[in-house]
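Source file model.cif; content: mmCIF, C-alpha atoms.
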data_final
loop_
_atom_site.label_atom_id
_atom_site.label_comp_id
_atom_site.auth_asym_id
_atom_site.auth_seq_id
_atom_site.Cartn_x
_atom_site.Cartn_y
_atom_site.Cartn_z
CA MET A 2 14.94 -8.38 39.70
CA ILE A 3 14.40 -4.63 39.38
CA ASN A 4 16.67 -4.45 36.34
CA THR A 5 14.98 -7.43 34.70
CA VAL A 6 11.57 -5.82 35.12
CA GLU A 7 12.93 -2.56 33.74
CA ALA A 8 14.45 -4.42 30.79
CA LEU A 9 11.13 -6.13 30.10
CA LEU A 10 9.23 -2.83 30.15
CA PHE A 11 11.84 -1.19 27.98
CA GLY A 12 11.97 -4.02 25.52
CA ALA A 13 8.23 -4.59 25.32
CA GLY A 14 7.34 -1.35 23.58
CA ARG A 15 3.77 -1.77 24.85
CA PRO A 16 2.12 -1.84 28.25
CA LEU A 17 2.75 -5.02 30.27
CA ARG A 18 0.37 -6.39 32.88
CA LEU A 19 1.68 -7.52 36.26
CA SER A 20 0.62 -11.06 35.40
CA GLU A 21 2.50 -10.86 32.10
CA ILE A 22 5.62 -9.71 33.89
CA ARG A 23 5.22 -12.57 36.35
CA SER A 24 5.02 -15.23 33.65
CA LEU A 25 7.96 -13.65 31.79
CA LEU A 26 10.02 -13.73 34.97
CA ASP A 27 8.84 -17.26 35.60
CA SER A 28 10.15 -18.51 32.27
CA ASP A 29 13.39 -16.87 33.26
CA GLY A 30 13.45 -18.96 36.43
CA ILE A 31 12.49 -16.09 38.71
CA ASN A 32 9.54 -16.71 41.00
CA ALA A 33 7.75 -13.59 42.13
CA GLU A 34 4.40 -12.71 43.57
CA LEU A 35 2.30 -10.03 41.90
CA SER A 36 2.65 -7.86 45.00
CA GLU A 37 6.43 -8.16 44.80
CA ILE A 38 6.42 -7.11 41.18
CA LYS A 39 4.21 -4.14 42.05
CA GLN A 40 6.76 -3.16 44.70
CA VAL A 41 9.56 -3.48 42.19
CA ILE A 42 7.64 -1.19 39.84
CA ASN A 43 7.24 1.32 42.65
CA HIS A 44 10.99 1.22 43.12
CA LEU A 45 11.44 1.74 39.40
CA GLU A 46 9.21 4.80 39.59
CA GLU A 47 11.44 6.18 42.32
CA ARG A 48 14.57 5.33 40.40
CA HIS A 49 13.33 7.27 37.39
CA SER A 50 12.31 10.35 39.34
CA GLU A 51 15.59 11.96 38.29
CA SER A 52 15.69 10.66 34.71
CA SER A 53 13.83 11.57 31.54
CA LEU A 54 11.75 8.40 31.70
CA GLU A 55 8.81 7.42 33.85
CA VAL A 56 6.79 4.30 34.54
CA VAL A 57 3.10 4.92 33.89
CA GLU A 58 0.13 2.69 34.51
CA VAL A 59 -2.40 2.79 31.68
CA ALA A 60 -5.40 0.62 30.84
CA SER A 61 -3.34 -2.27 29.41
CA GLY A 62 -0.70 -2.30 32.14
CA PHE A 63 2.59 -0.59 32.91
CA ARG A 64 4.83 1.04 30.36
CA LEU A 65 7.90 3.19 30.14
CA GLN A 66 7.34 6.66 28.76
CA ILE A 67 9.43 9.67 28.05
CA LYS A 68 8.36 12.44 30.41
CA GLU A 69 6.08 14.91 28.70
CA THR A 70 8.50 17.75 29.44
CA TYR A 71 10.79 16.37 26.75
CA SER A 72 8.12 16.02 24.05
CA PRO A 73 9.04 19.28 22.27
CA SER A 74 12.61 18.05 21.76
CA LEU A 75 11.36 14.74 20.40
CA THR A 76 8.96 16.44 18.04
CA HIS A 77 11.94 18.22 16.53
CA LEU A 78 13.89 14.99 16.38
CA TRP A 79 11.24 13.07 14.47
CA ASN A 80 10.01 16.12 12.63
CA GLU A 81 6.55 14.72 12.16
CA ARG A 82 3.26 15.15 13.92
CA ALA A 83 0.65 12.60 14.76
CA PRO A 84 -2.26 12.76 12.32
CA ARG A 85 -4.85 15.34 13.28
CA ILE A 86 -8.24 14.07 14.32
CA SER A 87 -11.14 16.11 12.99
CA LYS A 88 -13.67 17.75 15.27
CA ALA A 89 -16.36 15.50 13.84
CA LEU A 90 -14.36 12.37 14.63
CA MET A 91 -13.61 13.61 18.14
CA GLU A 92 -17.35 14.06 18.72
CA THR A 93 -17.99 10.54 17.47
CA ILE A 94 -15.34 8.93 19.68
CA SER A 95 -16.56 11.00 22.66
CA ILE A 96 -20.14 9.82 22.24
CA ILE A 97 -18.91 6.22 22.01
CA ALA A 98 -16.73 6.71 25.10
CA TYR A 99 -19.47 8.14 27.31
CA LYS A 100 -22.49 6.24 26.04
CA GLN A 101 -21.07 2.87 25.07
CA PRO A 102 -22.20 0.55 23.69
CA VAL A 103 -23.78 2.66 20.96
CA THR A 104 -24.87 2.14 17.38
CA ARG A 105 -24.09 4.46 14.55
CA GLY A 106 -27.70 5.65 14.72
CA ASP A 107 -27.27 6.68 18.36
CA ILE A 108 -24.26 8.79 17.41
CA GLU A 109 -26.16 10.34 14.51
CA ASP A 110 -29.10 11.22 16.77
CA ILE A 111 -26.88 13.24 19.05
CA ARG A 112 -24.68 14.81 16.40
CA GLY A 113 -27.51 15.59 13.99
CA VAL A 114 -25.47 14.41 11.02
CA SER A 115 -24.90 11.11 9.32
CA VAL A 116 -21.73 9.47 10.56
CA SER A 117 -19.50 8.44 7.69
CA THR A 118 -18.39 4.83 7.29
CA GLN A 119 -14.93 6.20 6.68
CA GLY A 120 -14.94 7.88 10.08
CA ILE A 121 -15.98 4.70 11.88
CA ARG A 122 -13.44 2.71 9.91
CA SER A 123 -10.62 5.07 10.80
CA LEU A 124 -11.47 4.68 14.50
CA LEU A 125 -11.54 0.90 14.07
CA GLU A 126 -8.20 0.93 12.27
CA ARG A 127 -6.72 3.06 14.98
CA ASN A 128 -7.93 0.41 17.40
CA TRP A 129 -9.74 3.04 19.41
CA ILE A 130 -13.11 1.34 19.04
CA LYS A 131 -14.32 -2.19 18.46
CA VAL A 132 -17.57 -3.92 17.61
CA SER A 133 -18.79 -5.41 20.87
CA GLY A 134 -21.99 -6.93 19.52
CA PHE A 135 -25.11 -6.23 17.55
CA LYS A 136 -28.24 -4.51 18.81
CA ASP A 137 -31.32 -6.68 18.79
CA VAL A 138 -33.39 -4.38 16.61
CA PRO A 139 -34.25 -4.58 12.90
CA GLY A 140 -31.09 -4.41 10.83
CA ARG A 141 -29.03 -5.60 13.79
CA PRO A 142 -26.71 -2.59 13.82
CA ALA A 143 -23.22 -2.99 15.25
CA LEU A 144 -22.62 -1.79 18.80
CA TYR A 145 -19.39 0.08 19.31
CA THR A 146 -17.31 0.35 22.46
CA THR A 147 -13.95 1.95 23.12
CA THR A 148 -10.86 -0.21 23.55
CA LYS A 149 -8.10 -0.33 26.15
CA GLU A 150 -5.80 1.05 23.49
CA PHE A 151 -7.91 4.22 23.31
CA LEU A 152 -7.34 4.72 27.02
CA ASP A 153 -3.64 3.82 26.65
CA ASP A 154 -3.24 6.43 23.94
CA LEU A 155 -4.79 9.07 26.19
CA ASN A 156 -2.54 7.97 29.03
CA ILE A 157 -5.38 6.95 31.33
CA LYS A 158 -6.25 3.82 33.28
CA ASN A 159 -10.00 3.51 32.90
CA LEU A 160 -13.10 5.17 31.50
CA SER A 161 -13.88 6.88 34.79
CA SER A 162 -10.60 8.78 34.43
CA LEU A 163 -12.05 10.59 31.42
CA PRO A 164 -13.16 14.16 32.09
CA ASP A 165 -16.74 14.20 33.41
CA LEU A 166 -19.48 14.55 30.85
CA PRO A 167 -20.81 18.08 31.33
CA GLU A 168 -24.28 18.28 32.88
CA PRO A 169 -27.02 19.64 30.63
CA ILE A 170 -28.24 23.11 31.38
CA ARG A 171 -31.04 22.49 33.89
CA LEU A 172 -34.56 23.56 33.09
CA GLU A 173 -35.23 24.70 36.63
CA ASP A 174 -37.26 27.71 35.96
CA ASN A 175 -40.19 26.53 33.93
CA GLU A 176 -41.78 29.92 34.21
CA LEU A 177 -38.88 31.59 32.54
CA PHE A 178 -38.99 29.01 29.82
CA SER A 179 -42.67 29.51 29.12
CA LYS A 180 -42.08 33.23 28.89
CA VAL A 181 -39.56 32.68 26.17
CA ILE A 182 -42.05 30.69 24.16
CA MET B 2 -14.53 27.70 17.87
CA GLN B 3 -12.70 29.08 14.90
CA ASN B 4 -13.24 32.75 14.40
CA SER B 5 -14.71 33.38 10.97
CA THR B 6 -12.80 36.63 10.63
CA GLN B 7 -9.56 34.68 10.50
CA ILE B 8 -10.64 33.04 7.31
CA GLN B 9 -9.65 34.79 4.11
CA LEU B 10 -12.79 36.09 2.55
CA GLU B 11 -13.40 36.28 -1.15
CA PHE B 12 -15.51 39.28 -1.94
CA PRO B 13 -18.43 38.69 -4.25
CA THR B 14 -19.47 41.18 -6.88
CA VAL B 15 -22.79 42.98 -6.77
CA MET B 16 -24.01 44.40 -10.08
CA GLY B 17 -20.48 44.34 -11.49
CA GLN B 18 -18.99 46.15 -8.52
CA PRO B 19 -16.82 44.32 -6.02
CA PHE B 20 -18.70 43.95 -2.80
CA GLU B 21 -15.90 44.84 -0.46
CA LYS B 22 -17.53 45.93 2.71
CA LEU B 23 -19.83 43.52 4.45
CA PRO B 24 -22.85 45.00 6.17
CA GLU B 25 -22.18 45.07 9.85
CA ASP B 26 -25.28 43.17 10.85
CA LEU B 27 -24.37 40.30 8.55
CA PHE B 28 -21.78 37.91 9.85
CA ILE B 29 -22.15 35.42 7.08
CA PRO B 30 -19.02 35.12 4.98
CA PRO B 31 -19.57 34.50 1.26
CA ASN B 32 -17.83 31.15 1.33
CA ALA B 33 -20.28 29.95 3.91
CA LEU B 34 -20.54 26.43 2.62
CA GLU B 35 -16.88 25.66 3.00
CA ILE B 36 -16.93 27.13 6.44
CA CYS B 37 -19.98 25.12 7.35
CA LEU B 38 -18.48 21.89 6.15
CA GLU B 39 -14.97 22.43 7.46
CA THR B 40 -15.38 24.51 10.57
CA PHE B 41 -18.59 23.01 11.83
CA SER B 42 -19.00 19.33 12.49
CA GLY B 43 -22.71 19.50 11.62
CA PRO B 44 -25.89 21.57 11.69
CA MET B 45 -26.09 21.38 15.48
CA ASP B 46 -22.60 22.81 15.70
CA LEU B 47 -23.54 25.65 13.35
CA LEU B 48 -26.70 26.38 15.31
CA LEU B 49 -24.77 26.46 18.58
CA TYR B 50 -22.30 28.82 16.96
CA LEU B 51 -25.07 31.19 15.87
CA ILE B 52 -26.67 31.12 19.30
CA LYS B 53 -23.31 31.91 20.86
CA LYS B 54 -22.69 34.66 18.32
CA GLU B 55 -26.03 36.24 19.15
CA ASN B 56 -25.00 35.89 22.77
CA ILE B 57 -28.14 34.16 23.92
CA ASN B 58 -28.70 31.23 26.20
CA ILE B 59 -29.92 28.08 24.53
CA LEU B 60 -32.89 28.12 26.88
CA GLU B 61 -33.84 31.56 25.68
CA LEU B 62 -33.54 30.60 22.06
CA ASP B 63 -35.20 33.17 19.82
CA VAL B 64 -36.08 30.84 17.04
CA SER B 65 -37.29 33.57 14.73
CA LYS B 66 -34.04 35.49 14.66
CA ILE B 67 -31.83 32.42 14.51
CA THR B 68 -33.90 30.90 11.73
CA ASP B 69 -33.36 33.93 9.53
CA GLN B 70 -29.61 33.80 10.06
CA TYR B 71 -29.50 30.09 9.58
CA ILE B 72 -31.49 30.17 6.37
CA GLU B 73 -29.26 32.92 5.04
CA TYR B 74 -26.35 30.57 5.59
CA ILE B 75 -28.11 27.78 3.77
CA GLU B 76 -28.97 30.00 0.82
CA LEU B 77 -25.32 30.75 0.30
CA MET B 78 -24.49 27.11 -0.02
CA ASP B 79 -23.32 25.98 -3.39
CA VAL B 80 -26.00 24.10 -5.31
CA LEU B 81 -23.44 21.54 -6.46
CA LYS B 82 -22.71 20.51 -2.93
CA PHE B 83 -26.34 20.24 -2.04
CA GLU B 84 -25.97 16.64 -1.02
CA LEU B 85 -23.43 17.55 1.61
CA ALA B 86 -25.62 20.35 2.79
CA ALA B 87 -28.68 18.13 3.19
CA GLU B 88 -28.33 17.83 6.94
CA TYR B 89 -28.15 21.58 7.24
CA LEU B 90 -31.34 21.85 5.23
CA VAL B 91 -33.11 19.48 7.60
CA MET B 92 -32.17 21.77 10.43
CA ALA B 93 -33.35 24.80 8.45
CA ALA B 94 -36.67 23.07 7.87
CA THR B 95 -36.99 22.30 11.57
CA LEU B 96 -36.31 25.91 12.44
CA ALA B 97 -38.76 27.10 9.83
CA GLU B 98 -41.37 24.75 11.21
CA ILE B 99 -40.91 26.08 14.71
CA LYS B 100 -41.07 29.62 13.44
CA SER B 101 -44.26 28.99 11.52
CA ARG B 102 -45.89 27.34 14.50
CA MET B 103 -45.11 30.36 16.61
CA MET B 104 -47.11 32.51 14.23
CA LEU B 105 -50.19 30.40 14.75
CA PRO B 106 -52.68 31.27 17.47
CA GLN B 107 -51.63 29.96 20.87
CA GLU B 108 -54.65 27.64 21.26
CA ILE B 109 -53.80 25.47 18.30
CA TYR B 110 -50.22 25.40 19.37
CA GLU B 111 -51.08 24.13 22.83
CA GLU B 112 -52.94 21.17 21.40
CA GLU B 113 -49.73 19.80 20.05
CA GLU B 114 -48.32 16.81 21.85
CA GLU B 115 -44.70 17.71 21.53
CA ASP B 116 -43.33 21.17 21.38
CA PRO B 117 -40.79 21.11 18.52
CA LYS B 118 -38.97 24.03 20.05
CA LEU B 119 -38.57 22.20 23.32
CA ALA B 120 -37.45 19.12 21.43
CA LEU B 121 -34.86 21.15 19.56
CA ILE B 122 -33.62 22.76 22.75
CA ASN B 123 -33.27 19.31 24.32
CA ARG B 124 -31.31 18.06 21.36
CA LEU B 125 -29.08 21.10 21.38
CA GLN B 126 -28.45 20.69 25.09
CA GLU B 127 -27.60 17.05 24.66
CA TYR B 128 -25.35 17.81 21.72
CA GLN B 129 -23.57 20.54 23.61
CA ARG B 130 -22.68 18.12 26.41
CA TYR B 131 -20.87 15.81 24.02
CA LYS B 132 -19.38 18.64 22.03
CA THR B 133 -17.83 20.05 25.19
CA ALA B 134 -16.76 16.56 26.25
CA SER B 135 -15.10 15.99 22.89
CA GLU B 136 -13.21 19.24 23.25
CA ASN B 137 -12.07 18.11 26.69
CA ILE B 138 -10.89 14.79 25.32
CA ALA B 139 -9.16 16.47 22.39
CA ILE B 140 -6.86 18.34 24.75
CA LEU B 141 -5.98 15.29 26.82
CA PRO B 142 -2.35 14.27 26.33
CA ARG B 143 -2.26 11.94 23.38
CA VAL B 144 0.39 9.39 22.47
CA ASP B 145 2.77 10.44 19.68
CA ARG B 146 1.35 13.95 19.83
CA ASP B 147 1.90 15.11 23.40
CA PHE B 148 3.93 12.28 24.86
CA PHE B 149 5.98 9.37 23.62
CA THR B 150 6.61 5.90 24.91
CA ALA B 151 10.13 4.72 25.64
CA SER B 152 11.09 1.47 24.05
CA ALA B 153 14.09 -0.45 22.88
CA GLY B 154 11.86 -3.06 21.35
CA LEU B 155 11.52 -3.84 17.69
CA PRO B 156 7.87 -4.82 17.55
CA GLN B 157 8.05 -6.03 13.94
CA ILE B 158 10.48 -8.85 14.68
CA LYS B 159 8.96 -12.20 15.52
CA ILE B 160 10.96 -14.04 18.12
CA HIS B 161 9.43 -17.41 17.41
CA LYS B 162 10.35 -18.74 14.02
CA GLU B 163 7.85 -20.91 12.27
CA GLU B 164 8.68 -24.58 12.36
CA PHE B 165 10.00 -25.75 9.03
CA SER B 166 8.68 -29.12 8.04
CA ILE B 167 8.47 -30.89 4.72
CA THR B 168 7.72 -34.44 3.67
CA GLU B 169 9.69 -36.51 1.19
CA ALA B 170 6.82 -36.48 -1.26
CA GLU B 171 6.60 -32.69 -1.11
CA LEU B 172 10.32 -32.39 -1.64
CA ALA B 173 10.13 -34.69 -4.68
CA ALA B 174 7.22 -32.72 -6.09
CA ILE B 175 9.05 -29.44 -5.65
CA PHE B 176 12.17 -30.89 -7.29
CA GLN B 177 10.17 -32.14 -10.25
CA GLU B 178 8.49 -28.80 -10.58
CA ILE B 179 11.85 -27.03 -10.63
CA GLN B 180 13.15 -29.46 -13.25
CA SER B 181 10.19 -28.95 -15.50
CA ARG B 182 10.51 -25.17 -15.41
CA PRO B 183 11.35 -23.74 -18.81
CA VAL B 184 14.85 -22.38 -19.02
CA LEU B 185 14.22 -18.71 -19.41
CA THR B 186 17.62 -17.63 -18.34
CA SER B 187 20.94 -18.93 -19.59
CA ASN B 188 24.35 -17.43 -20.05
CA HIS B 189 27.29 -17.64 -22.37
CA GLN B 190 30.80 -16.35 -22.03
CA VAL B 191 32.25 -13.86 -24.43
CA ASP B 192 35.96 -14.62 -24.85
CA PHE B 193 38.38 -11.82 -25.05
CA GLU B 194 40.03 -11.91 -28.45
CA GLU B 195 43.72 -11.86 -27.62
CA LEU B 196 44.95 -11.49 -31.13
CA SER B 197 42.88 -9.57 -33.59
CA THR B 198 43.64 -9.27 -37.30
CA GLN B 199 41.92 -5.88 -37.39
CA GLU B 200 44.12 -4.65 -34.61
CA ARG B 201 47.26 -5.97 -36.28
CA ILE B 202 46.34 -4.20 -39.51
CA GLN B 203 46.08 -0.95 -37.58
CA ILE B 204 49.45 -1.53 -35.94
CA ILE B 205 51.16 -2.29 -39.25
CA LEU B 206 49.62 0.77 -40.91
CA THR B 207 50.79 2.96 -38.04
CA ILE B 208 54.35 1.68 -38.44
CA LEU B 209 54.22 2.07 -42.21
CA SER B 210 53.04 5.66 -41.95
CA LYS B 211 56.43 6.42 -40.40
CA ARG B 212 58.82 3.98 -42.06
CA ASN B 213 57.41 3.15 -45.50
CA ILE B 214 58.85 -0.37 -45.38
CA ILE B 215 58.97 -3.04 -42.71
CA SER B 216 60.14 -6.62 -42.63
CA PHE B 217 57.56 -9.21 -41.77
CA SER B 218 59.56 -10.47 -38.80
CA LYS B 219 59.38 -6.97 -37.26
CA THR B 220 55.59 -7.27 -37.03
CA LEU B 221 55.92 -10.25 -34.76
CA ARG B 222 56.20 -10.43 -31.05
CA LYS B 223 57.90 -13.39 -29.57
CA SER B 224 55.42 -13.73 -26.72
CA GLU B 225 52.59 -14.19 -29.15
CA GLY B 226 54.07 -17.35 -30.58
CA ARG B 227 52.67 -19.16 -33.52
CA PRO B 228 49.20 -17.56 -33.41
CA GLY B 229 50.97 -14.20 -33.61
CA VAL B 230 52.66 -15.22 -36.84
CA VAL B 231 49.31 -16.32 -38.29
CA VAL B 232 47.62 -13.05 -37.34
CA SER B 233 50.46 -10.96 -38.79
CA PHE B 234 50.41 -12.99 -41.97
CA LEU B 235 46.64 -12.63 -42.32
CA ALA B 236 46.96 -8.91 -41.71
CA SER B 237 49.66 -8.65 -44.36
CA LEU B 238 47.60 -10.52 -46.90
CA GLU B 239 44.57 -8.39 -46.10
CA LEU B 240 46.58 -5.18 -46.55
CA ALA B 241 48.00 -6.46 -49.83
CA LYS B 242 44.56 -7.37 -51.08
CA GLU B 243 43.22 -3.94 -50.21
CA GLY B 244 46.18 -2.42 -52.05
CA HIS B 245 47.68 -0.68 -49.06
CA VAL B 246 50.96 -2.57 -49.16
CA GLU B 247 53.13 -4.42 -51.58
CA LEU B 248 54.59 -7.70 -50.43
CA ILE B 249 58.14 -8.20 -51.55
CA GLN B 250 60.22 -11.35 -51.16
CA ASN B 251 63.87 -11.35 -52.20
CA LYS B 252 66.19 -14.33 -52.33
CA THR B 253 66.10 -14.53 -48.58
CA ASN B 254 63.12 -15.96 -46.73
CA GLU B 255 62.20 -12.56 -45.39
CA ILE B 256 59.05 -10.86 -46.64
CA TYR B 257 58.87 -7.05 -46.72
CA LEU B 258 55.80 -4.97 -46.51
CA LYS B 259 56.12 -1.81 -48.54
CA SER B 260 53.58 0.92 -48.16
CA ARG B 261 51.76 1.95 -51.30
CA THR B 262 49.70 4.73 -49.88
CA GLY B 263 52.76 6.01 -48.05
CA ALA B 264 54.55 6.33 -51.42
CA ALA B 265 51.61 8.17 -52.85
CA ASN B 266 51.58 10.59 -49.95
#
Exercise: express the given structure as structure tokens:
Amino acid sequence: MINTVEALLFGAGRPLRLSEIRSLLDSDGINAELSEIKQVINHLEERHSESSLEVVEVASGFRLQIKETYSPSLTHLWNERAPRISKALMETISIIAYKQPVTRGDIEDIRGVSVSTQGIRSLLERNWIKVSGFKDVPGRPALYTTTKEFLDDLNIKNLSSLPDLPEPIRLEDNELFSKVI
Amino acid sequence: MQNSTQIQLEFPTVMGQPFEKLPEDLFIPPNALEICLETFSGPMDLLLYLIKKENINILELDVSKITDQYIEYIELMDVLKFELAAEYLVMAATLAEIKSRMMLPQEIYEEEEEDPKLALINRLQEYQRYKTASENIAILPRVDRDFFTASAGLPQIKIHKEEFSITEAELAAIFQEIQSRPVLTSNHQVDFEELSTQERIQIILTILSKRNIISFSKTLRKSEGRPGVVVSFLASLELAKEGHVELIQNKTNEIYLKSRTGAAN
């Protein structure tokens, strides 16, 4: 079964959930419990400890990846870089990630600039964000949340695996503050 | 934060003289607008940059000093790109408002419900949290940039083919439609001309240029058969008509072609 699971992960080209693997095995006439499949994946991880590949669990399931050590070689092979994401767009996606669901107005309040439609659209096209609903205020603005694919692309399992949002500088010493004014 | 000194500066001219050396207390490059729009993600970013540059804590924000610097930046912005700079102007106005309030007697100031300076500091603090967070996220390993997935799959190929179904009536309709299509393309075959009178004329003339006279039977090839005889005869007649040859028949059945031009030469 271990080879079948490996073949499925290799052939899928996207993360596979344990339940997906189970139903795929099932249609192949192999009956397996989720726990068994998890064990098989653990074995796969061990098997690949010596190879250039690794099994990684991300938000949408398990996938095979090329170990990051080999990325420089691959960059030379493909000779092209992933499109750069502007600072402004990174701020936008970060605000959505930490404060979701948010409207465009919420993002603008924090960033102090108007958020371009183009920017939002590029995040939607990238499948990093989605419209999760509409806020019940005049104009019914769209509420944005991040997607599993966003987490997949950052190689993490869930939102809590994101780096912590830095704490604001505390206004402990009110006296000091009043002096400044 | 991108260091402004790394950016190639274009020196402006002051009273006809190139303004090469920037005053030391001024850290505003002449192409400030481009820097603002490209380096900074917004007015909050620019303000944070200035605060950092002045090496002061946000909480100890000296609005007066920062406002001057900020407004100097704004003044350098190109009028044509005013629309883009609008958000920066809002910030400049906010700073100017705070500055002007600070000049007023303290009593009036204290009557205010909300301290605009405190509000600005709060906004800056909040912005800085997300700015830092975005920088943290930006350096996280990212797919296709820092790491790659391993796959033998061809995601574009659909495994399940769509069921093909068609009714008799549809088939008939399609057939009728095809039949009624105008014939826009047709073909015809161009036959290779095996025996050409033009070609035979050339051959005969070539022979006559060397021999002056040739019997008609010598212009024939057995393999060509009867059509060959016809072509040779037509060629001979054509040559005679044009005055290139003289056709001579003696008591025998043989015809001779005698060159006229050859004799002239």
With distances taken over only C-alpha atoms, which residue among A:Ser61, A:Gln40, A:Asn156, A:Ser133 lies nearest chain B?
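Distance minimum relative to chain B lands on A:Asn156.
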Just give me the residues with any atom within 12 Å of (-37.9, 38.7, 13.3), file coordinates, counting all atoms listed in the file, written as a ChimeraX atom specification.
/B:63-70,100-101,103-104
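With atom CA of B:Phe165 on one side and atom CA of A:Gly30 on the other, the separation reads 28.4 Å.
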Kindly determine which residues of chain A lie within 6 Å of chain B, considering only C-alpha atoms, and give the answer as a VMD selection string.
chain A and resid 11 to 14 65 to 67 69 72 83 89 91 to 92 95 111 114 154 to 155 166 to 167 169 181
So that I can see what lies close to B:Glu243, please list as a list in words the residues with an atom at most 12 Å from it, counting all atoms listed in the file and leaving out residues fewer than 4 positions away in the same chain.
Ile202, Ala236, Ser237, Leu238, Glu239, Glu247, Leu248, Ser260, Arg261 and Thr262 of chain B
Report the residues retrieved by the PyMOL selection byres ((chain A and resi 46) around 12) from the displayed file, expressed as a VMD selection string.
chain A and resid 3 6 to 7 39 to 45 47 to 58 63 to 66 68
As a check of understanding, name the residues that the PyMOL selection byres ((chain A and resi 25) around 12) selects in the supplied structure, as a ChimeraX atom specification.
/A:2,5-6,8-10,13,17-24,26-33,38
Might you pull out every residue within 7 Å of B:Tyr257, with all atoms listed in the file counted and same-chain residues fewer than 2 positions away left off, and present them as number ranges by chain?
B: 214-217, 248-250, 255, 259
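Here atom CA of A:Ala98 is placed at a distance of 8.9 Å from atom CA of A:Ile130.
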Run through the PyMOL selection byres ((chain A and resi 101) around 12) on the given coordinates and return the selected residues as a short mmCIF file (atom, residue, chain, number, x, y, z; two decimals) with C-alpha atoms, in the coordinates of the input.
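Final file, out_7.cif:
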data_model
loop_
_atom_site.label_atom_id
_atom_site.label_comp_id
_atom_site.auth_asym_id
_atom_site.auth_seq_id
_atom_site.Cartn_x
_atom_site.Cartn_y
_atom_site.Cartn_z
CA THR A 93 -17.99 10.54 17.47
CA ILE A 94 -15.34 8.93 19.68
CA SER A 95 -16.56 11.00 22.66
CA ILE A 96 -20.14 9.82 22.24
CA ILE A 97 -18.91 6.22 22.01
CA ALA A 98 -16.73 6.71 25.10
CA TYR A 99 -19.47 8.14 27.31
CA LYS A 100 -22.49 6.24 26.04
CA PRO A 102 -22.20 0.55 23.69
CA VAL A 103 -23.78 2.66 20.96
CA THR A 104 -24.87 2.14 17.38
CA ARG A 105 -24.09 4.46 14.55
CA ASP A 107 -27.27 6.68 18.36
CA ILE A 108 -24.26 8.79 17.41
CA ILE A 130 -13.11 1.34 19.04
CA LYS A 131 -14.32 -2.19 18.46
CA VAL A 132 -17.57 -3.92 17.61
CA SER A 133 -18.79 -5.41 20.87
CA GLY A 134 -21.99 -6.93 19.52
CA ALA A 143 -23.22 -2.99 15.25
CA LEU A 144 -22.62 -1.79 18.80
CA TYR A 145 -19.39 0.08 19.31
CA THR A 146 -17.31 0.35 22.46
CA THR A 147 -13.95 1.95 23.12
CA THR A 148 -10.86 -0.21 23.55
CA LEU A 160 -13.10 5.17 31.50
#
For B:Leu221, work out the shell of residues within 7 Å, counting only C-alpha atoms and skipping chain neighbours fewer than 2 positions away, then give it as an MDAnalysis selection string.
chainID B and resid 218:219 223 229:230 233
How many Å separate atom CA of A:Arg122 from atom CA of A:Asp110?
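Between these atoms lies a distance of 19.1 Å.
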If you take every atom of stretch 69-77 of chain A that the file lists and fit an axis-aligned box around them with 3 Å extra on each side, what centre and edge lengths come out in Å to one decimal, as JSON?
{"center_x": 9.3, "center_y": 17.0, "center_z": 23.0, "size_x": 12.5, "size_y": 10.5, "size_z": 18.9}
Excluding A:Lys149 and its own-chain neighbours fewer than 4 positions away, which residues fall within 9 Å of it when counting all atoms listed in the file? Please give them as a PyMOL selection string.
chain A and resi 59-61+128-130+153-154+158-159
